file structure_9.cif (mmCIF, C-alpha atoms and all ligand atoms; chains and numbers go by the auth columns)
data_coords
#
loop_
_atom_site.group_PDB
_atom_site.id
_atom_site.type_symbol
_atom_site.label_atom_id
_atom_site.label_comp_id
_atom_site.label_asym_id
_atom_site.label_seq_id
_atom_site.Cartn_x
_atom_site.Cartn_y
_atom_site.Cartn_z
_atom_site.B_iso_or_equiv
_atom_site.auth_seq_id
_atom_site.auth_asym_id
ATOM 1 C CA MET A 1 146.472 50.797 107.877 0.00 1 Q
ATOM 2 C CA PRO A 2 146.302 49.356 111.423 0.00 2 Q
ATOM 3 C CA THR A 3 142.891 48.981 113.024 0.00 3 Q
ATOM 4 C CA ILE A 4 141.507 48.573 116.536 0.00 4 Q
ATOM 5 C CA LYS A 5 138.509 46.451 117.596 0.00 5 Q
ATOM 6 C CA LEU A 6 135.453 48.262 118.897 0.00 6 Q
ATOM 7 C CA GLU A 7 132.616 46.681 120.851 0.00 7 Q
ATOM 8 C CA VAL A 8 129.752 48.801 122.182 0.00 8 Q
ATOM 9 C CA VAL A 9 127.632 46.974 124.737 0.00 9 Q
ATOM 10 C CA SER A 10 124.398 48.133 126.369 0.00 10 Q
ATOM 11 C CA PRO A 11 122.471 46.294 129.107 0.00 11 Q
ATOM 12 C CA ASP A 12 120.265 44.835 126.349 0.00 12 Q
ATOM 13 C CA ALA A 13 122.685 43.870 123.597 0.00 13 Q
ATOM 14 C CA VAL A 14 125.960 44.159 121.764 0.00 14 Q
ATOM 15 C CA VAL A 15 125.047 47.304 119.856 0.00 15 Q
ATOM 16 C CA TYR A 16 128.068 47.599 117.576 0.00 16 Q
ATOM 17 C CA GLN A 17 131.172 45.611 116.660 0.00 17 Q
ATOM 18 C CA ALA A 18 133.803 46.470 114.056 0.00 18 Q
ATOM 19 C CA ASP A 19 137.489 46.915 113.313 0.00 19 Q
ATOM 20 C CA ILE A 20 137.916 50.660 113.095 0.00 20 Q
ATOM 21 C CA HIS A 21 140.517 53.387 112.606 0.00 21 Q
ATOM 22 C CA MET A 22 139.513 55.718 115.440 0.00 22 Q
ATOM 23 C CA LEU A 23 136.848 56.271 118.109 0.00 23 Q
ATOM 24 C CA VAL A 24 136.089 59.689 119.538 0.00 24 Q
ATOM 25 C CA VAL A 25 134.027 59.888 122.748 0.00 25 Q
ATOM 26 C CA LYS A 26 133.206 62.618 125.266 0.00 26 Q
ATOM 27 C CA ALA A 27 134.482 62.526 128.832 0.00 27 Q
ATOM 28 C CA GLU A 28 133.838 65.127 131.585 0.00 28 Q
ATOM 29 C CA ASP A 29 136.987 67.040 130.697 0.00 29 Q
ATOM 30 C CA GLY A 30 136.767 66.873 126.913 0.00 30 Q
ATOM 31 C CA GLU A 31 136.968 64.546 123.936 0.00 31 Q
ATOM 32 C CA ILE A 32 139.079 61.394 123.873 0.00 32 Q
ATOM 33 C CA GLY A 33 140.264 59.899 120.602 0.00 33 Q
ATOM 34 C CA VAL A 34 141.429 56.283 120.575 0.00 34 Q
ATOM 35 C CA MET A 35 143.489 54.921 117.703 0.00 35 Q
ATOM 36 C CA PRO A 36 145.144 51.523 117.091 0.00 36 Q
ATOM 37 C CA ASN A 37 147.649 50.406 119.745 0.00 37 Q
ATOM 38 C CA HIS A 38 146.475 52.958 122.290 0.00 38 Q
ATOM 39 C CA LEU A 39 147.812 52.441 125.796 0.00 39 Q
ATOM 40 C CA PRO A 40 145.501 50.670 128.276 0.00 40 Q
ATOM 41 C CA MET A 41 142.923 53.093 129.656 0.00 41 Q
ATOM 42 C CA ILE A 42 139.626 53.296 131.507 0.00 42 Q
ATOM 43 C CA ALA A 43 137.493 56.401 131.125 0.00 43 Q
ATOM 44 C CA SER A 44 134.049 57.558 132.113 0.00 44 Q
ATOM 45 C CA ILE A 45 131.932 58.697 129.149 0.00 45 Q
ATOM 46 C CA ILE A 46 129.204 61.339 129.262 0.00 46 Q
ATOM 47 C CA PRO A 47 126.145 61.243 126.961 0.00 47 Q
ATOM 48 C CA CYS A 48 127.411 61.876 123.447 0.00 48 Q
ATOM 49 C CA ALA A 49 127.353 60.989 119.780 0.00 49 Q
ATOM 50 C CA MET A 50 130.406 58.701 119.588 0.00 50 Q
ATOM 51 C CA ARG A 51 132.290 59.122 116.329 0.00 51 Q
ATOM 52 C CA VAL A 52 133.570 55.964 114.634 0.00 52 Q
ATOM 53 C CA LYS A 53 136.136 56.571 111.906 0.00 53 Q
ATOM 54 C CA HIS A 54 136.869 53.820 109.419 0.00 54 Q
ATOM 55 C CA GLU A 55 140.000 53.078 107.397 0.00 55 Q
ATOM 56 C CA ASP A 56 138.338 54.265 104.179 0.00 56 Q
ATOM 57 C CA GLY A 57 137.470 57.654 105.693 0.00 57 Q
ATOM 58 C CA ARG A 58 133.812 56.863 106.409 0.00 58 Q
ATOM 59 C CA GLU A 59 132.466 58.174 109.674 0.00 59 Q
ATOM 60 C CA GLU A 60 129.531 56.754 111.675 0.00 60 Q
ATOM 61 C CA LEU A 61 127.829 58.103 114.779 0.00 61 Q
ATOM 62 C CA ILE A 62 126.550 55.986 117.672 0.00 62 Q
ATOM 63 C CA ALA A 63 124.365 57.469 120.406 0.00 63 Q
ATOM 64 C CA CYS A 64 125.712 56.766 123.878 0.00 64 Q
ATOM 65 C CA GLY A 65 123.820 57.553 127.076 0.00 65 Q
ATOM 66 C CA GLY A 66 127.055 57.522 129.054 0.00 66 Q
ATOM 67 C CA GLY A 67 129.068 54.759 130.676 0.00 67 Q
ATOM 68 C CA PHE A 68 132.611 53.467 130.677 0.00 68 Q
ATOM 69 C CA MET A 69 135.254 52.822 128.057 0.00 69 Q
ATOM 70 C CA GLU A 70 138.069 50.325 128.457 0.00 70 Q
ATOM 71 C CA VAL A 71 141.024 50.160 126.079 0.00 71 Q
ATOM 72 C CA LEU A 72 143.108 47.004 126.351 0.00 72 Q
ATOM 73 C CA ASN A 73 145.139 44.865 123.939 0.00 73 Q
ATOM 74 C CA ASN A 74 144.065 46.870 120.883 0.00 74 Q
ATOM 75 C CA LYS A 75 140.382 46.559 121.745 0.00 75 Q
ATOM 76 C CA ILE A 76 137.946 49.267 122.856 0.00 76 Q
ATOM 77 C CA THR A 77 134.986 48.144 124.941 0.00 77 Q
ATOM 78 C CA VAL A 78 132.275 50.701 125.623 0.00 78 Q
ATOM 79 C CA LEU A 79 129.880 49.675 128.405 0.00 79 Q
ATOM 80 C CA ALA A 80 127.009 52.079 127.882 0.00 80 Q
ATOM 81 C CA SER A 81 123.903 52.681 130.011 0.00 81 Q
ATOM 82 C CA CYS A 82 122.152 52.760 126.613 0.00 82 Q
ATOM 83 C CA ALA A 83 123.452 53.014 123.061 0.00 83 Q
ATOM 84 C CA GLU A 84 121.890 53.078 119.620 0.00 84 Q
ATOM 85 C CA THR A 85 123.091 53.106 116.025 0.00 85 Q
ATOM 86 C CA PRO A 86 121.258 55.551 113.705 0.00 86 Q
ATOM 87 C CA ILE A 87 118.819 52.964 112.327 0.00 87 Q
ATOM 88 C CA GLN A 88 117.874 51.819 115.835 0.00 88 Q
ATOM 89 C CA ILE A 89 116.692 55.288 116.798 0.00 89 Q
ATOM 90 C CA ASP A 90 112.990 56.061 116.874 0.00 90 Q
ATOM 91 C CA VAL A 91 113.064 59.734 115.860 0.00 91 Q
ATOM 92 C CA LEU A 92 109.492 60.467 116.923 0.00 92 Q
ATOM 93 C CA ARG A 93 110.151 59.024 120.377 0.00 93 Q
ATOM 94 C CA ALA A 94 113.315 61.109 120.702 0.00 94 Q
ATOM 95 C CA GLU A 95 111.436 64.242 119.590 0.00 95 Q
ATOM 96 C CA LYS A 96 108.749 63.618 122.199 0.00 96 Q
ATOM 97 C CA ALA A 97 111.394 63.027 124.892 0.00 97 Q
ATOM 98 C CA TYR A 98 113.067 66.297 123.814 0.00 98 Q
ATOM 99 C CA GLN A 99 109.797 68.270 124.105 0.00 99 Q
ATOM 100 C CA ARG A 100 108.942 66.726 127.469 0.00 100 Q
ATOM 101 C CA ALA A 101 112.349 67.477 128.932 0.00 101 Q
ATOM 102 C CA GLU A 102 112.416 71.007 127.525 0.00 102 Q
ATOM 103 C CA GLU A 103 108.968 71.785 128.952 0.00 103 Q
ATOM 104 C CA ARG A 104 109.938 70.440 132.376 0.00 104 Q
ATOM 105 C CA ILE A 105 113.134 72.507 132.413 0.00 105 Q
ATOM 106 C CA LYS A 106 111.286 75.664 131.332 0.00 106 Q
ATOM 107 C CA LYS A 107 108.606 75.123 133.996 0.00 107 Q
ATOM 108 C CA PHE A 108 111.210 74.562 136.700 0.00 108 Q
ATOM 109 C CA LYS A 109 113.283 77.600 135.736 0.00 109 Q
ATOM 110 C CA SER A 110 110.234 79.851 135.679 0.00 110 Q
ATOM 111 C CA ALA A 111 109.518 79.065 139.369 0.00 111 Q
ATOM 112 C CA PRO A 112 111.990 76.676 141.053 0.00 112 Q
ATOM 113 C CA LEU A 113 110.442 77.083 144.495 0.00 113 Q
ATOM 114 C CA VAL A 114 106.994 76.166 143.197 0.00 114 Q
ATOM 115 C CA HIS A 115 107.976 73.187 141.042 0.00 115 Q
ATOM 116 C CA THR A 116 109.837 71.243 143.692 0.00 116 Q
ATOM 117 C CA ASP A 117 108.410 68.024 142.208 0.00 117 Q
ATOM 118 C CA ILE A 118 110.574 68.465 139.097 0.00 118 Q
ATOM 119 C CA ASP A 119 113.908 66.650 139.186 0.00 119 Q
ATOM 120 C CA ILE A 120 115.933 69.141 137.157 0.00 120 Q
ATOM 121 C CA SER A 121 119.065 66.989 136.783 0.00 121 Q
ATOM 122 C CA ARG A 122 116.921 64.138 135.490 0.00 122 Q
ATOM 123 C CA ALA A 123 115.203 66.445 133.002 0.00 123 Q
ATOM 124 C CA GLU A 124 118.537 67.856 131.830 0.00 124 Q
ATOM 125 C CA ALA A 125 119.958 64.347 131.354 0.00 125 Q
ATOM 126 C CA ALA A 126 116.849 63.290 129.389 0.00 126 Q
ATOM 127 C CA LEU A 127 117.184 66.396 127.204 0.00 127 Q
ATOM 128 C CA GLN A 128 120.823 65.572 126.548 0.00 128 Q
ATOM 129 C CA ARG A 129 120.011 61.972 125.547 0.00 129 Q
ATOM 130 C CA ALA A 130 117.283 63.195 123.193 0.00 130 Q
ATOM 131 C CA ILE A 131 119.611 65.776 121.588 0.00 131 Q
ATOM 132 C CA VAL A 132 122.258 63.088 121.041 0.00 132 Q
ATOM 133 C CA ARG A 133 119.720 60.652 119.517 0.00 133 Q
ATOM 134 C CA LEU A 134 118.359 63.273 117.132 0.00 134 Q
ATOM 135 C CA LYS A 135 121.873 64.230 116.034 0.00 135 Q
ATOM 136 C CA VAL A 136 122.838 60.585 115.439 0.00 136 Q
ATOM 137 C CA ALA A 137 119.593 59.770 113.589 0.00 137 Q
ATOM 138 C CA LYS A 138 120.128 62.769 111.295 0.00 138 Q
ATOM 139 C CA SER A 139 123.679 61.631 110.482 0.00 139 Q
ATOM 140 C CA VAL A 140 122.380 59.102 107.931 0.00 140 Q
ATOM 141 C CA GLY A 141 120.366 59.539 104.784 0.00 141 Q
ATOM 142 C CA ALA A 142 120.472 63.322 105.031 0.00 142 Q
HETATM 143 P P1 LIG B . 112.151 57.870 126.693 0.00 201 Q
HETATM 144 O O1 LIG B . 111.606 58.920 127.626 0.00 201 Q
HETATM 145 O O2 LIG B . 111.638 58.006 125.297 0.00 201 Q
HETATM 146 O O3 LIG B . 112.061 56.456 127.259 0.00 201 Q
HETATM 147 P P2 LIG B . 114.827 58.026 127.685 0.00 201 Q
HETATM 148 O O4 LIG B . 115.954 58.920 127.299 0.00 201 Q
HETATM 149 O O5 LIG B . 114.287 58.207 129.052 0.00 201 Q
HETATM 150 O O6 LIG B . 113.710 58.183 126.550 0.00 201 Q
HETATM 151 P P3 LIG B . 116.482 55.815 128.188 0.00 201 Q
HETATM 152 O O7 LIG B . 116.186 55.591 129.646 0.00 201 Q
HETATM 153 O O8 LIG B . 117.719 56.570 127.834 0.00 201 Q
HETATM 154 O O9 LIG B . 115.225 56.514 127.492 0.00 201 Q
HETATM 155 O O10 LIG B . 116.514 54.420 127.409 0.00 201 Q
HETATM 156 C C1 LIG B . 115.679 53.314 127.762 0.00 201 Q
HETATM 157 C C2 LIG B . 115.787 52.290 126.650 0.00 201 Q
HETATM 158 O O11 LIG B . 115.075 52.742 125.496 0.00 201 Q
HETATM 159 C C3 LIG B . 117.218 52.025 126.179 0.00 201 Q
HETATM 160 O O12 LIG B . 117.322 50.663 125.825 0.00 201 Q
HETATM 161 C C4 LIG B . 117.366 52.901 124.937 0.00 201 Q
HETATM 162 O O13 LIG B . 118.311 52.362 124.040 0.00 201 Q
HETATM 163 C C5 LIG B . 115.956 52.884 124.389 0.00 201 Q
HETATM 164 N N1 LIG B . 115.575 54.146 123.719 0.00 201 Q
HETATM 165 C C6 LIG B . 115.276 55.310 124.311 0.00 201 Q
HETATM 166 N N2 LIG B . 114.913 56.242 123.414 0.00 201 Q
HETATM 167 C C7 LIG B . 115.005 55.646 122.202 0.00 201 Q
HETATM 168 C C8 LIG B . 114.761 56.085 120.863 0.00 201 Q
HETATM 169 N N3 LIG B . 114.391 57.333 120.577 0.00 201 Q
HETATM 170 N N4 LIG B . 114.953 55.198 119.870 0.00 201 Q
HETATM 171 C C9 LIG B . 115.338 53.938 120.132 0.00 201 Q
HETATM 172 N N5 LIG B . 115.589 53.461 121.363 0.00 201 Q
HETATM 173 C C10 LIG B . 115.415 54.291 122.403 0.00 201 Q
#

call {"tool": "encode", "arguments": {"input": "structure_9.cif", "output": "structure tokens"}}
result
Amino acid sequence: MPTIKLEVVSPDAVVYQADIHMLVVKAEDGEIGVMPNHLPMIASIIPCAMRVKHEDGREELIACGGGFMEVLNNKITVLASCAETPIQIDVLRAEKAYQRAEERIKKFKSAPLVHTDIDISRAEAALQRAIVRLKVAKSVGA
């Protein structure tokens, strides 16, 4: 079965590298699946649990905080603002981030004109990252 190289890079490190069967990521207008010998492409990725499918049918999830994906010469490069594999995720930290973001959003929505100090887009993005991390962490050993 043909494969395609995948490299996921964050500002801190090369988070993941493998020869894979398929990568599924989320873009603004829906999911994009990339398989071997895909045409060259650049896409913007939104925060998501990227799905890595292997030749033997195994599937792995990688948390991505958003970024860009380039497909060129049978290689996928994901340049992510942050990315973590399941074992790199601190579940407690993600749970705390989830609670914090949810509380901020609730507070803002209850009285938007009072809580002008709350950056609602920032809180919503933090909530999204936490949801993705918790989903990815739960994808192993369950
Ligand atoms: P927090 O409020 O807990 O910092 P955050 O969503 O604001 O969460 P980010 O700004 O997305 O954090 O990430 C900052 C750095 O910390 C990145 O390198 C990211 O990979 C890492 N990181 C964030 N949350 C976790 C986590 N739960 N487990 C492991 N690494 C994390």

call {"tool": "residues_near_ligand", "arguments": {"input": "structure_9.cif", "ligand": "ligand LIG 201 (chain Q)", "cutoff": "9 Å", "atoms": "all atoms listed in the file", "output": "PDB file with C-alpha atoms, in the coordinates of the input"}}
result
ATOM      1  CA  SER Q  10     124.398  48.133 126.369  1.00  0.00           C
ATOM      2  CA  PRO Q  11     122.471  46.294 129.107  1.00  0.00           C
ATOM      3  CA  ASP Q  12     120.265  44.835 126.349  1.00  0.00           C
ATOM      4  CA  ALA Q  13     122.685  43.870 123.597  1.00  0.00           C
ATOM      5  CA  ALA Q  63     124.365  57.469 120.406  1.00  0.00           C
ATOM      6  CA  CYS Q  64     125.712  56.766 123.878  1.00  0.00           C
ATOM      7  CA  GLY Q  65     123.820  57.553 127.076  1.00  0.00           C
ATOM      8  CA  SER Q  81     123.903  52.681 130.011  1.00  0.00           C
ATOM      9  CA  CYS Q  82     122.152  52.760 126.613  1.00  0.00           C
ATOM     10  CA  ALA Q  83     123.452  53.014 123.061  1.00  0.00           C
ATOM     11  CA  GLU Q  84     121.890  53.078 119.620  1.00  0.00           C
ATOM     12  CA  THR Q  85     123.091  53.106 116.025  1.00  0.00           C
ATOM     13  CA  PRO Q  86     121.258  55.551 113.705  1.00  0.00           C
ATOM     14  CA  ILE Q  87     118.819  52.964 112.327  1.00  0.00           C
ATOM     15  CA  GLN Q  88     117.874  51.819 115.835  1.00  0.00           C
ATOM     16  CA  ILE Q  89     116.692  55.288 116.798  1.00  0.00           C
ATOM     17  CA  ASP Q  90     112.990  56.061 116.874  1.00  0.00           C
ATOM     18  CA  VAL Q  91     113.064  59.734 115.860  1.00  0.00           C
ATOM     19  CA  LEU Q  92     109.492  60.467 116.923  1.00  0.00           C
ATOM     20  CA  ARG Q  93     110.151  59.024 120.377  1.00  0.00           C
ATOM     21  CA  ALA Q  94     113.315  61.109 120.702  1.00  0.00           C
ATOM     22  CA  GLU Q  95     111.436  64.242 119.590  1.00  0.00           C
ATOM     23  CA  LYS Q  96     108.749  63.618 122.199  1.00  0.00           C
ATOM     24  CA  ALA Q  97     111.394  63.027 124.892  1.00  0.00           C
ATOM     25  CA  TYR Q  98     113.067  66.297 123.814  1.00  0.00           C
ATOM     26  CA  ARG Q 100     108.942  66.726 127.469  1.00  0.00           C
ATOM     27  CA  ALA Q 101     112.349  67.477 128.932  1.00  0.00           C
ATOM     28  CA  ALA Q 125     119.958  64.347 131.354  1.00  0.00           C
ATOM     29  CA  ALA Q 126     116.849  63.290 129.389  1.00  0.00           C
ATOM     30  CA  LEU Q 127     117.184  66.396 127.204  1.00  0.00           C
ATOM     31  CA  GLN Q 128     120.823  65.572 126.548  1.00  0.00           C
ATOM     32  CA  ARG Q 129     120.011  61.972 125.547  1.00  0.00           C
ATOM     33  CA  ALA Q 130     117.283  63.195 123.193  1.00  0.00           C
ATOM     34  CA  ARG Q 133     119.720  60.652 119.517  1.00  0.00           C
ATOM     35  CA  LEU Q 134     118.359  63.273 117.132  1.00  0.00           C
TER      36      LEU Q 134
END

call {"tool": "resolve_selection", "arguments": {"input": "structure_9.cif", "expression": "the PyMOL selection byres (((chain Q and resi 43) around 9) and not hetatm)", "output": "VMD selection string"}}
result
chain Q and resid 27 32 41 to 42 44 to 45 67 to 71

call {"tool": "residues_around", "arguments": {"input": "structure_9.cif", "residues": "Q:Val9", "least_positions_apart": "3", "cutoff": "8 Å", "atoms": "all atoms listed in the file", "output": "PyMOL selection string"}}
result
chain Q and resi 12-16+77-80+83

call {"tool": "resolve_selection", "arguments": {"input": "structure_9.cif", "expression": "the PyMOL selection byres (((chain Q and resi 38) around 9) and not hetatm)", "output": "list in words"}}
result
Ile4, Val34, Met35, Pro36, Asn37, Leu39, Pro40, Met41, Val71, Leu72, Asn73, Asn74 and Lys75 of chain Q

call {"tool": "resolve_selection", "arguments": {"input": "structure_9.cif", "expression": "the PyMOL selection byres (((chain Q and resi 105) around 12) and not hetatm)", "output": "NGL selection string"}}
result
:Q and (98-104 or 106-112 or 115-128)

call {"tool": "closest_residue", "arguments": {"input": "structure_9.cif", "among": "Q:Val8, Q:Leu61, Q:Leu23, Q:Val52", "to": "Q:Ala137", "atoms": "all atoms listed in the file"}}
result
Q:Leu61

call {"tool": "atom_distance", "arguments": {"input": "structure_9.cif", "atom1": "atom CA of Q:Pro47", "atom2": "atom CA of Q:Gln17"}}
result
19.4 Å

call {"tool": "atom_distance", "arguments": {"input": "structure_9.cif", "atom1": "atom CA of Q:Ala18", "atom2": "atom CA of Q:Ser139"}}
result
18.6 Å

call {"tool": "axis_aligned_box", "arguments": {"input": "structure_9.cif", "around": "stretch 129-134 of chain Q", "padding_each_side": "4 Å", "output": "AutoDock Vina command-line options"}}
result
--center_x 119.8 --center_y 63.2 --center_z 121.3 --size_x 13.0 --size_y 13.1 --size_z 16.4

call {"tool": "atom_distance", "arguments": {"input": "structure_9.cif", "atom1": "atom CA of Q:His54", "atom2": "atom CA of Q:Lys26"}}
result
18.5 Å

call {"tool": "closest_residue", "arguments": {"input": "structure_9.cif", "among": "Q:Val132, Q:Met50, Q:Leu113, Q:Gly66", "to": "Q:Glu28", "atoms": "only C-alpha atoms"}}
result
Q:Gly66

call {"tool": "closest_residue", "arguments": {"input": "structure_9.cif", "among": "Q:Val136, Q:Leu6, Q:Ile20, Q:Ile76", "to": "Q:Lys53", "atoms": "all atoms listed in the file"}}
result
Q:Ile20

call {"tool": "build_atoms", "arguments": {"input": "structure_9.cif", "residues": "stretch 38-60 of chain Q", "atoms": "N, CA, C and O atoms", "output": "compact mmCIF listing (two decimals), in the coordinates of the input"}}
result
# COMPACT_ATOMS: atom_id res chain seq x y z
N HIS Q 38 146.56 51.99 121.18
CA HIS Q 38 146.48 52.96 122.29
C HIS Q 38 146.87 52.26 123.59
O HIS Q 38 146.63 51.06 123.77
N LEU Q 39 147.45 53.00 124.49
CA LEU Q 39 147.81 52.44 125.80
C LEU Q 39 146.55 52.03 126.57
O LEU Q 39 145.49 52.61 126.36
N PRO Q 40 146.66 51.06 127.48
CA PRO Q 40 145.50 50.67 128.28
C PRO Q 40 144.90 51.88 129.01
O PRO Q 40 145.64 52.75 129.48
N MET Q 41 143.57 51.92 129.05
CA MET Q 41 142.92 53.09 129.66
C MET Q 41 141.50 52.73 130.08
O MET Q 41 140.85 51.90 129.44
N ILE Q 42 141.05 53.37 131.14
CA ILE Q 42 139.63 53.30 131.51
C ILE Q 42 139.15 54.73 131.65
O ILE Q 42 139.82 55.55 132.27
N ALA Q 43 138.01 55.03 131.03
CA ALA Q 43 137.49 56.40 131.12
C ALA Q 43 135.98 56.37 131.29
O ALA Q 43 135.31 55.45 130.84
N SER Q 44 135.49 57.40 131.95
CA SER Q 44 134.05 57.56 132.11
C SER Q 44 133.54 58.42 130.95
O SER Q 44 134.14 59.44 130.62
N ILE Q 45 132.46 57.98 130.33
CA ILE Q 45 131.93 58.70 129.15
C ILE Q 45 130.63 59.40 129.52
O ILE Q 45 129.79 58.82 130.20
N ILE Q 46 130.46 60.63 129.03
CA ILE Q 46 129.20 61.34 129.26
C ILE Q 46 128.32 61.16 128.02
O ILE Q 46 128.82 60.77 126.96
N PRO Q 47 127.01 61.43 128.13
CA PRO Q 47 126.14 61.24 126.96
C PRO Q 47 126.69 61.98 125.74
O PRO Q 47 127.02 63.16 125.82
N CYS Q 48 126.82 61.27 124.63
CA CYS Q 48 127.41 61.88 123.45
C CYS Q 48 127.12 61.06 122.20
O CYS Q 48 126.72 59.91 122.28
N ALA Q 49 127.38 61.69 121.06
CA ALA Q 49 127.35 60.99 119.78
C ALA Q 49 128.79 60.51 119.56
O ALA Q 49 129.67 61.31 119.23
N MET Q 50 129.04 59.22 119.77
CA MET Q 50 130.41 58.70 119.59
C MET Q 50 130.71 58.67 118.10
O MET Q 50 129.86 58.27 117.29
N ARG Q 51 131.91 59.11 117.75
CA ARG Q 51 132.29 59.12 116.33
C ARG Q 51 133.21 57.94 116.02
O ARG Q 51 134.27 57.79 116.63
N VAL Q 52 132.78 57.11 115.06
CA VAL Q 52 133.57 55.96 114.63
C VAL Q 52 134.16 56.29 113.28
O VAL Q 52 133.43 56.56 112.33
N LYS Q 53 135.49 56.29 113.20
CA LYS Q 53 136.14 56.57 111.91
C LYS Q 53 136.69 55.27 111.35
O LYS Q 53 137.36 54.52 112.07
N HIS Q 54 136.41 55.05 110.07
CA HIS Q 54 136.87 53.82 109.42
C HIS Q 54 138.11 54.10 108.58
O HIS Q 54 138.41 55.24 108.25
N GLU Q 55 138.77 52.99 108.21
CA GLU Q 55 140.00 53.08 107.40
C GLU Q 55 139.79 53.84 106.09
O GLU Q 55 140.67 54.54 105.63
N ASP Q 56 138.60 53.64 105.48
CA ASP Q 56 138.34 54.26 104.18
C ASP Q 56 137.83 55.71 104.30
O ASP Q 56 137.40 56.30 103.32
N GLY Q 57 137.86 56.26 105.51
CA GLY Q 57 137.47 57.65 105.69
C GLY Q 57 136.00 57.84 106.10
O GLY Q 57 135.60 58.93 106.47
N ARG Q 58 135.22 56.76 105.99
CA ARG Q 58 133.81 56.86 106.41
C ARG Q 58 133.72 57.17 107.90
O ARG Q 58 134.58 56.74 108.66
N GLU Q 59 132.66 57.89 108.26
CA GLU Q 59 132.47 58.17 109.67
C GLU Q 59 131.03 57.79 110.06
O GLU Q 59 130.10 58.05 109.30
N GLU Q 60 130.86 57.13 111.20
CA GLU Q 60 129.53 56.75 111.68
C GLU Q 60 129.36 57.33 113.07
O GLU Q 60 130.33 57.44 113.82
